[in-house]
Amino acid sequence: MIELKNVSKFFGENHAVKNVSFKLETGMIGCIIGTSGCGKTTTLKMINRLIEPSSGEVLVDGMAARDEDPINWRRKIGYVIQKAGLLPHLTIKENISILAKIKNRKPEYIDERVQELMKVVDLPFEEISNRYPKELSGGQQQRVGIARALMENPPVMLMDEPFGALDPITRNSMHDEFYNLNQKLGKTILIVTHDMNEAFKLADKVILMNHGEIVQMGTQKDFTEKPANEFVRSFLAEHLNA
Amino acid sequence: MRKSKFIMSVFFIILTSSTTLAKSADKVKIGSKIFGESMLISEMVAQLLEINHGLQVERKLGLGGTKVVFDALTTGGIDIYPEYTGTGYIMILKEDGLRDSKRVFARVQEQFNQKFQLEWSQPLGFNNTYTVAVRRNDKKFKNIENLSQLSDKDLNFKFASAHEFMERQDGFNSLIKAYRLRFPPSNITSMQAGLMYSAIKNESVDMIMAYSTDGRIGAFNLKTLKDDLMFFPPYEVALLASKNSLKKFPALKAVMKTLAGEISETEMIEMNDQVDRLKRNIPLVAKNFLIGKGLIDGDVQTFEEESLISFFKNRLPYLKKLFIEHMLLSLGALFMACLISIPLGILLTRKEHLTKFIFPIVNTIQTIPSIALLGFMIPLLGIGYLPALIALFLYSLLPLLRNTYEGIKGVDHNYIEASRGMGLSSFQILRYVEIPLALPVMLAGLRTAAVIVIGTATLAAMVGAGGFGDPIFKGVATVNTRLIFLGAIPAALLAILVDKILGIFEKIIVSPGLRDN
Ligand SMILES: Nc1ncnc2c1ncn2[C@@H]1O[C@H](COP(=O)(O)OP(=O)(O)OP(=O)(O)O)[C@@H](O)[C@H]1O
Ligand SMILES: [Mg+2]
């Protein structure tokens, strides 16, 4: 479960995130959507404390972020970013297992777990585990990014435009796979996206932001049937294509 | 320096006096100063004693400077050595004023006898003093034999001397005053002693300040102008022996007589050239001379010109020593520079404000010419390994520091953010992400530094730290091209080799994921 209570962030004078509150139940997928610069990434980073909130409270599974050591806190939260952020000097296997290795897990365990995860994200272990990121396609890299976030089996995952860099066809098939995958894994996942279709397809709860504020929150049905205001209506009109 | 010489001579005295008592009591011990001419004359004495008198001889050639050798003589460490009358008069007796060679000789003879119980032989025949030298075939000096013939004239030709002679109180300035020589100031240069001879040879200068028995006077067809006003004291060489030794080995007296007046200036110049410039074997040069003079019996041996390859081959032990010195200097400097630059470079990426102070300092060091930097080290650290090491270290700082800093700074922020998001600590990010990603740039810095250091280390010979610069400097001084090659070729090869090795090293330690192909 992820919960934000009146969270705000100032970058100097710039009030990037304003009094944001929402709750994402365990096992749910949430999507934050909104125009560029509206504070989506900032909101996400405040959850894993890459950015510290100016005020308000962040809770994950009932525990307050600010009471924990930030490094331990982040290790409990899977983090996937656009273009995967894979480390170019490490092989696929090393990328997936870097944190496990730092935590001194046994090589046999690492081997087994990497193999298992690559199967989960549908990557051929034998073929690519010893390759380097530059030798993989964008879609494959994104899968590696997801496998890496899953390595230490975190209960919560944050994903910042995870499918943003993919071509529409790959993106579509990834959506389906990812949806099915989470049916099995049952993680609490918060995704930042630009893509309204993606949000409606994946999310149990869609959070629409504008100028650092939440404008409307709910299911696809809530949005299409009861748009909160004119901004929501025009945003849908602009971003929903059939 | 003076202190270490003192310690050395004390050490020497203890060493020799203890061995004297032991078994070498019946050997004649012959000393010399540490340069070719002195060693040659001592070798002649040794051969005369061995061949003509059947005595056993212990050669202690090249002991050191005047003080060391003289102390050895007065304390019985050696029995005999060649000394210069001028040196005895000015350095040992600490007198001055006399210039006439006969009177100087008479004075040292009398004083050494009284003060030190030492006896001089008659002078051997040549005078090795400062002298003005010109090209023999230079028309400007066709009818000039005495320096005073140039007095009160406008001298429109170029003059060069060693730096040391320009600086000395009784050097250049006193000389031109004494002879009333009128040089335009722009025509006067000072240079490294060895270069002076090549300069006059290739006509970049017309007149130099030389030593009158330097081998290059003959080899380069120079003529010396007579110091007819007797500005310089005479430096006639003669054999100096203790009275005790003369009593013990009467043959010494005979040899002193035999050699008196036997060596002319021309002959000494020729022999010095063979030893200093052509690197011929001293015993052989001495022997050929004695045979040629009919002082001993035997066959004159000819010297085969060594081919360049055998020139190198015959000096392998020397090359090995140079290599070790060169490597110890270069690797030592690089190691220290890595130890400082890498942590400092990383620190600078964390504390940007420090770059404003650190980089200008390190940049400035880099702009100091290497010779000057080495020069600065001498008053601070003396001569030898340490000052050279520090200078080279300072030189290799910049490429390493800059590349470490740039390399770490250049790491894409996304990788760092992704790693932070995974829960890596700052140190873990540095260790597992930033350094491996910066490695190609850092290694490029190391390669640059290595090439700079190995090249610059050839200058270390200037401060007595050895290395491949040693034969280069000697070669320049004696205009011996092969000697220059002996240092220059291995130094260049070493730089290339180290660069290649680091290239391979880079292939091994830089991740294949970072190579572009
Ligand atoms: N580190 C920072 N320092 C200062 N201002 C920042 C910083 N990060 C973000 N901002 C500002 O905060 C605002 C919100 O940025 P944020 O990255 O959260 O937007 P976003 O919704 O993720 O946009 P996009 O869709 O373009 O990724 C922007 O005005 C941005 O300029
Ligand atoms: Mg963003």
# chains A, B, ... in the order shown; residues from 1 in each chain; ligands from 1
call {"tool": "interface_residues", "arguments": {"of": "chain B", "to": "chain A", "cutoff": "12 Å", "atoms": "only C-alpha atoms", "output": "PyMOL selection string"}}
result
chain B and resi 411-429+431-440+509-517
call {"tool": "residues_near_ligand", "arguments": {"ligand": "ligand 2", "cutoff": "12 Å", "atoms": "only C-alpha atoms and all ligand atoms", "output": "list of chain:residue names"}}
result
A:Ala16, A:Ile32, A:Ile33, A:Gly34, A:Thr35, A:Ser36, A:Gly37, A:Cys38, A:Gly39, A:Lys40, A:Thr41, A:Thr42, A:Thr43, A:Leu44, A:Lys45, A:Ile81, A:Gln82, A:Met159, A:Asp160, A:Glu161, A:Pro162, A:Gly164, A:Ile191, A:Val192, A:Thr193, A:His194
call {"tool": "write_last_selection", "arguments": {"atoms": "C-alpha atoms", "output": "PDB file, in the first residue's frame"}}
result
ATOM      1  CA  ALA A  16       6.168  21.724  -8.051  1.00  0.00           C
ATOM      2  CA  ILE A  32      -0.136   9.182 -12.527  1.00  0.00           C
ATOM      3  CA  ILE A  33      -0.791  11.092 -15.717  1.00  0.00           C
ATOM      4  CA  GLY A  34      -0.629  14.746 -16.647  1.00  0.00           C
ATOM      5  CA  THR A  35       0.975  17.368 -18.801  1.00  0.00           C
ATOM      6  CA  SER A  36       4.727  17.712 -18.985  1.00  0.00           C
ATOM      7  CA  GLY A  37       6.195  19.397 -15.917  1.00  0.00           C
ATOM      8  CA  CYS A  38       3.080  18.917 -13.793  1.00  0.00           C
ATOM      9  CA  GLY A  39       5.032  17.127 -11.048  1.00  0.00           C
ATOM     10  CA  LYS A  40       4.567  13.426 -11.813  1.00  0.00           C
ATOM     11  CA  THR A  41       8.210  12.418 -11.542  1.00  0.00           C
ATOM     12  CA  THR A  42       8.665  14.583  -8.472  1.00  0.00           C
ATOM     13  CA  THR A  43       5.721  12.875  -6.789  1.00  0.00           C
ATOM     14  CA  LEU A  44       7.149   9.446  -7.625  1.00  0.00           C
ATOM     15  CA  LYS A  45      10.640  10.312  -6.398  1.00  0.00           C
ATOM     16  CA  ILE A  81      12.894   4.377 -15.214  1.00  0.00           C
ATOM     17  CA  GLN A  82      12.561   5.324 -18.818  1.00  0.00           C
ATOM     18  CA  MET A 159       7.862   3.032 -12.633  1.00  0.00           C
ATOM     19  CA  ASP A 160       8.583   6.326 -14.396  1.00  0.00           C
ATOM     20  CA  GLU A 161       7.403   6.119 -18.000  1.00  0.00           C
ATOM     21  CA  PRO A 162       8.626   2.520 -18.240  1.00  0.00           C
ATOM     22  CA  GLY A 164       7.824   5.594 -22.930  1.00  0.00           C
ATOM     23  CA  ILE A 191       3.341   4.087 -12.860  1.00  0.00           C
ATOM     24  CA  VAL A 192       3.994   7.549 -14.270  1.00  0.00           C
ATOM     25  CA  THR A 193       2.882   7.900 -17.867  1.00  0.00           C
ATOM     26  CA  HIS A 194       2.111  10.341 -20.647  1.00  0.00           C
TER      27      HIS A 194
END
call {"tool": "residues_around", "arguments": {"residues": "Tyr109 (chain A)", "least_positions_apart": "5", "cutoff": "12 Å", "atoms": "only C-alpha atoms", "output": "list in words"}}
result
Ser97, Ala100, Lys101, Asn104, Val114, Gln115, Glu116, Met151 and Glu152 of chain A
call {"tool": "select_by_dssp", "arguments": {"residues": "region 111-264 of chain B", "states": "alpha helix (DSSP H)", "output": "ChimeraX atom specification"}}
result
/B:111-116,163-167,172-179,193-201,215-219,243-248,250-259
call {"tool": "atom_distance", "arguments": {"atom1": "CA of Gln366 (chain B)", "atom2": "CA of Glu506 (chain B)"}}
result
25.2 Å
call {"tool": "residues_around", "arguments": {"residues": "region 139-149 of chain B", "least_positions_apart": "4", "cutoff": "9 Å", "atoms": "only C-alpha atoms", "output": "ChimeraX atom specification"}}
result
/B:132,134-135,153,179-181,223-229
call {"tool": "write_last_selection", "arguments": {"atoms": "C-alpha atoms", "output": "tab-separated table (two decimals), in the first residue's frame"}}
result
chain	number	residue	atom	x	y	z
B	132	VAL	CA	90.17	30.82	-24.93
B	134	VAL	CA	88.85	29.47	-31.58
B	135	ARG	CA	88.59	27.48	-34.81
B	153	LYS	CA	89.37	46.21	-30.34
B	179	TYR	CA	92.28	41.95	-21.23
B	180	ARG	CA	90.07	44.94	-22.08
B	181	LEU	CA	87.99	42.83	-24.45
B	223	LYS	CA	93.42	26.48	-31.38
B	224	THR	CA	93.93	28.08	-28.00
B	225	LEU	CA	94.99	31.68	-27.52
B	226	LYS	CA	97.79	32.21	-25.05
B	227	ASP	CA	96.90	33.76	-21.71
B	228	ASP	CA	99.92	36.05	-22.10
B	229	LEU	CA	98.89	38.42	-19.31
call {"tool": "atom_distance", "arguments": {"atom1": "CA of Gly12 (chain A)", "atom2": "atom 30 (C, counted along the ligand's line) of ligand 1"}}
result
10.9 Å
call {"tool": "closest_residue", "arguments": {"among": "A:Lys187, A:Arg105, A:His211, A:His175", "to": "ligand 1", "atoms": "only C-alpha atoms and all ligand atoms"}}
result
A:His211
call {"tool": "atom_distance", "arguments": {"atom1": "CA of Val7 (chain A)", "atom2": "CA of Val58 (chain A)"}}
result
7.4 Å
